[in-house]
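In what follows, a structure is listed as structure tokens, so that the remarks can point back to it.
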Amino acid sequence: MTLDPRGAALALHRFGFGPRRASTSGSIAAIASDPQGALLADLEAPNAGQIVNTDLPTSGAEIRTGYEFNAARLARANLERRRKEAADAAAMENPGAGNSMAAEDKPPAGPTQPNAVPPQRQIFLDEARARIGAANDADIGFVERLVWFWSNHFCVSADGTAAAGAYEREAIRPHVLGRFGDMLQAAEGHPAMLFYLDNWQSIGPDSVLGINNKRGLNENLAREILELHTLGVRTVYTQADVTTFAKVLTGWTFLPTATNPDHGGEFVFNSLMHEPGDQTMIGKTYPSGGVQQGRSVFDDLARNPATARHVSTKLARHFIADDPPPALIDQLTLRFLETEGDLKAVAKALVTAPEAWAPERAKIKRPGEWLVATRRAAGRKDVNIQGITNQQALLGEPLWRPSAPKGFSDDNAAWLDGLTLRLQAANAFAQVVAADVDPKELVDVALGPLATEETRLAVARAETKVQALTLLVMAPEFQRR
Amino acid sequence: MIEMMETTMRSPLQAATFHAASRRELLLGSGVLFAWAFVPRLARAEGRDPRFLTIVLRGALDGLAAVAPVGDPDWVKLRGDNALRLDGKTPALPLDGFFALNPAMPNVHRLYQEGHATIVHAAATPYRERSHFDGQDVLESGLPKPGPTDTGWLNRALAALEPSPDAIASDRRAFAVGPITPLVVRGAAPVLSWTPPRLPPVSEETTLRVLDLYRHTDPTFAQVLEERLGLAAIAKAGGIADKKPDAPAIQGGGIEQVRAYFAEAAGAAAKFLAAPEGPRIGALAFDGWDTHVNEGAVNGRLANLLGALDGAIAAIKTNMGDAWQETVVTLVTEFGRTARINGNEGTDHGTATVALIAGGALKGGRVIADWPGVKEADLYEKRDLKPTTDLRAVLKGLLRDHLRVDASALTADIFPGSDAIAPMTGLLA
């Protein structure tokens, strides 16, 4: 049997989360007999890409929890303000007794503990633990890398919703090896997305509520779906198509949290908000039909060759190069179209393409990916979630908080500047784990044949273990995919 | 319906503002406190309440640059322009007529004059090779040879103290400072460490080595790092290694950041040790002493680091308050450096070096040295300062007389194989 440790190391760094120390299945040696086969097998693993055995709440429950906490806090603040106003008024009337009266007052009966940790924060940490744990624990992590890719493609922001993590579990993960069209439907119809891109309050001008309340369209979601999620900017659609699509999507909203203690924050199609009538966009007429009208548009967008090329290009750019080889894009696009957006088939086409195995390591890992790789290299079983999410934010990739709907950049230029911060993060991490590892051994574990002589020498000659480990995870071979 | 929606519109899904990590959160992940239930009970019985702090200087401090033998006739011949001298442009601080302190350390100098600092020179652990990792293991483990070990001498010393009957783990805390718990305090006694709430600075040395690696392997990375560090100009002028010895120190990590980190870490340690119900024993480690290139003992990099260390010691004294009178702080490093300057205006790994002790409990104001001389014939393997004092004698003396660690435990458990090394006497006031 021929062994290909170089290919194995490349597979782990380019398509996975890097080699894992003290692991029999996530090491260079474990997949050296057939690196490509190992990636293909990753796609066939049971429950690949899913968070199983989780007691994490549904997105609806997370949203309601957040709402209830904020509402209770507001109530306490209101109560406190009224009490103070009353006390001030009493003091004005009876200056001598003001203080003692205030002292005898009971504190307001707050609905919840005033200094409690916001449940939204706890939800965020629990969801982050599930996501980062899955990446850290994975054998190779190819499917998890795909989850991260698609989650960023269809990004929402945790700044607006407590349910960003649940969104990934509910809309992205179930379809990561399924059909693009299904992921598209799940993502765009998810309350987290409807809120993030404002569609929940978009109202058809000729709908019942539109006529009665003089409220109207919000094009945000419709535009971003066409520009970012499907066809791609400057392709086959016009502004008129955007407006029409926005009309199609009116009524896609969620139940208000204030009045629905059991189902607030869950998806609902509200026909009272929906623009009536047939709609024609991108050369096709979609008959009036409520929620089905939008679903039909999504089906067609998923099948559109522009979509196939757009997402194939992004996929190749993410894994291979800022300017990916055109032949590779063609190949992925073709596979996408002939399988009607079968994402597992596209993933297979990616790792079986010769271009995907080019020895040049053209891409810089994104911060989150790199941080997980450092933990895996050191063989950390329990990742400090607060620490790693804070560092990820410090390095410019705050988890589930992209600065714009376009998601975090996949261009090298966006991440190069962060090298000095990465150095600080590497040093801080190295200080925590260096005592437990042998840096020279880690060169073989983490890089194997990819290690340059220079890196081996630098690690071997380091002044301290901390410095050695810092040099290892800062080495270009470790920073690049 | 619309009214209902208005009420929820402000933040219907809720969550904003809970994700901005505070600076404190940022680093809590990498450090915590440690606790155990052992206190220096015998010392307490004498009416004392001793504090003991160990600072490990990792990377091998050049003892000759920290404390120079200015009275040795061979000294200036040895180091030339790099020699500290009393009549230099930046004069060294006189100690006892023979030795002088690096001018970057005025606080230590003042403590010395007050009798609160002692210097032990030409000291070394029993380790005689020149590997940092192994040298640090020997220094911190207290074992005579390098090898697999997971306990340190300070932890074993604590375990040898009797558990205090009135102490419970939760309210008798000892601690380590720094994101990593130094080996010297690791062991059976449960350990937690505390980290200042910020990313610790990356040492200049580490930064330069990463940059050097990039220069050889990844021009893109090298360029970015250089630019960010503001080093591009120096590189263009001929490269780091060609830099003139008197050029200002490269401040990639930022010496101000290093100063702040040293002072904050040491100052925090002192606050904990000073607290009435706080810990009594602690340890921390400062990296960055591996000065192979452009050592800068007088005005450069090493001077900056020593200055930062001087500030850390000042912070300890300040924050100790009255407890300073019952305090001993030891500063130790894995080994020294070559007696001569190397080809890059730096020094390579050597053998003997200094140990610095500070604290109000000392009978200080002394340099303790059986001076070996710096003539070539006097050097260890014709290159390093020859060790004439075993560091274990100093540490055993301090543990015995300050903490009242049992004398037999000192040899049997804490520094095994040190039977022939008698505890140094008379270190304490």
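Residue numbering restarts at 1 in every chain; chains get A, B, ... in the order shown in the structure tokens, and ligands count up from 1 in that same order.
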Requested in this report: Could you please select, counting only C-alpha atoms, the residues of chain A within 7 Å of chain B and state them as a ChimeraX atom specification?
Outcome: /A:63,66-67,120-121,159-162,256-258,265,384,386-387,390,416-417,419-420,424,427-428,431-432,454-455,458,463-465,467,471,476
Query - Residue set, segment 298-352 of chain B restricted to alpha helix (DSSP H), as a count of residues only - result: 20
Query raised in the report: Neighbours of Thr285 of chain A within 12 Å (only C-alpha atoms; same-chain residues fewer than 6 positions away dropped), as a PyMOL selection string?
Result: chain A and resi 241+244-245+248+277-279+293-294+296-297+300
Query raised in the report: Within 12 Å of Asp55 of chain A, counting only C-alpha atoms, which residues qualify if same-chain residues fewer than 2 places away don't, as a PyMOL selection string?
Result: chain A and resi 51-53+57-58+61+123+126-127+130+166
Suppose we keep N, CA, C and O atoms; can you now write the selection as a short mmCIF file (atom, residue, chain, number, x, y, z; two decimals), in the first residue's frame?
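Output contents, as saved in again30.cif:
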data_model
loop_
_atom_site.label_atom_id
_atom_site.label_comp_id
_atom_site.auth_asym_id
_atom_site.auth_seq_id
_atom_site.Cartn_x
_atom_site.Cartn_y
_atom_site.Cartn_z
N ILE A 51 -25.91 18.23 14.62
CA ILE A 51 -25.66 18.25 16.06
C ILE A 51 -26.65 17.27 16.67
O ILE A 51 -27.85 17.55 16.72
N VAL A 52 -26.16 16.10 17.09
CA VAL A 52 -27.09 15.09 17.59
C VAL A 52 -27.10 15.11 19.11
O VAL A 52 -26.22 15.66 19.76
N ASN A 53 -28.11 14.48 19.67
CA ASN A 53 -28.26 14.37 21.12
C ASN A 53 -28.12 15.72 21.80
O ASN A 53 -27.46 15.87 22.82
N PRO A 57 -32.45 24.45 22.75
CA PRO A 57 -33.84 24.78 22.41
C PRO A 57 -34.02 25.07 20.92
O PRO A 57 -33.06 25.25 20.19
N THR A 58 -35.28 25.10 20.51
CA THR A 58 -35.57 25.51 19.14
C THR A 58 -35.35 27.01 19.01
O THR A 58 -35.27 27.74 20.01
N ALA A 61 -38.07 28.92 20.79
CA ALA A 61 -37.92 28.98 22.25
C ALA A 61 -36.82 29.98 22.62
O ALA A 61 -36.96 30.73 23.60
N ILE A 123 -27.45 31.34 25.85
CA ILE A 123 -27.84 30.63 24.62
C ILE A 123 -26.70 30.71 23.60
O ILE A 123 -26.33 29.72 22.97
N ASP A 126 -23.95 28.37 24.60
CA ASP A 126 -24.32 26.96 24.41
C ASP A 126 -24.28 26.58 22.93
O ASP A 126 -23.81 25.51 22.56
N GLU A 127 -24.80 27.46 22.11
CA GLU A 127 -24.80 27.19 20.67
C GLU A 127 -23.37 27.18 20.13
O GLU A 127 -23.01 26.35 19.30
N ALA A 130 -21.69 23.94 20.92
CA ALA A 130 -22.10 22.85 20.03
C ALA A 130 -21.35 22.95 18.70
O ALA A 130 -20.83 21.96 18.18
N ALA A 166 -29.29 28.53 16.56
CA ALA A 166 -30.39 27.63 16.21
C ALA A 166 -30.68 27.69 14.71
O ALA A 166 -31.00 26.68 14.08
#
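Between atom CA of Leu403 of chain B and atom CA of Glu114 of chain B lies a distance of 22.6 Å.
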Query raised in the report: What lies within 7 Å of Glu219 of chain A using only C-alpha atoms, ignoring chain neighbours under 6 positions off, as an MDAnalysis selection string?
Result: chainID A and resid 242:243 246
Any chance you could export the current selection's N, CA, C and O atoms as a PDB file, in the first residue's frame?
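Final output, again_1.pdb:
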ATOM      1  N   VAL A 242     -36.227  42.680  -8.488  1.00  0.00           N
ATOM      2  CA  VAL A 242     -36.076  42.784  -7.026  1.00  0.00           C
ATOM      3  C   VAL A 242     -37.400  43.202  -6.394  1.00  0.00           C
ATOM      4  O   VAL A 242     -37.870  42.603  -5.416  1.00  0.00           O
ATOM      5  N   THR A 243     -38.018  44.240  -6.957  1.00  0.00           N
ATOM      6  CA  THR A 243     -39.276  44.749  -6.398  1.00  0.00           C
ATOM      7  C   THR A 243     -40.368  43.692  -6.479  1.00  0.00           C
ATOM      8  O   THR A 243     -41.124  43.476  -5.519  1.00  0.00           O
ATOM      9  N   ALA A 246     -39.789  41.088  -3.930  1.00  0.00           N
ATOM     10  CA  ALA A 246     -40.169  41.570  -2.597  1.00  0.00           C
ATOM     11  C   ALA A 246     -41.679  41.415  -2.392  1.00  0.00           C
ATOM     12  O   ALA A 246     -42.130  41.039  -1.301  1.00  0.00           O
TER      13      ALA A 246
END
Requested in this report: Find the residues around Pro423 of chain B up to 7 Å (only C-alpha atoms counted), leave out those fewer than 2 positions away in its own chain, and share them as a list of chain:residue names.
Outcome: B:Ala393, B:Val394, B:Lys396, B:Gly397, B:Ile421, B:Thr425
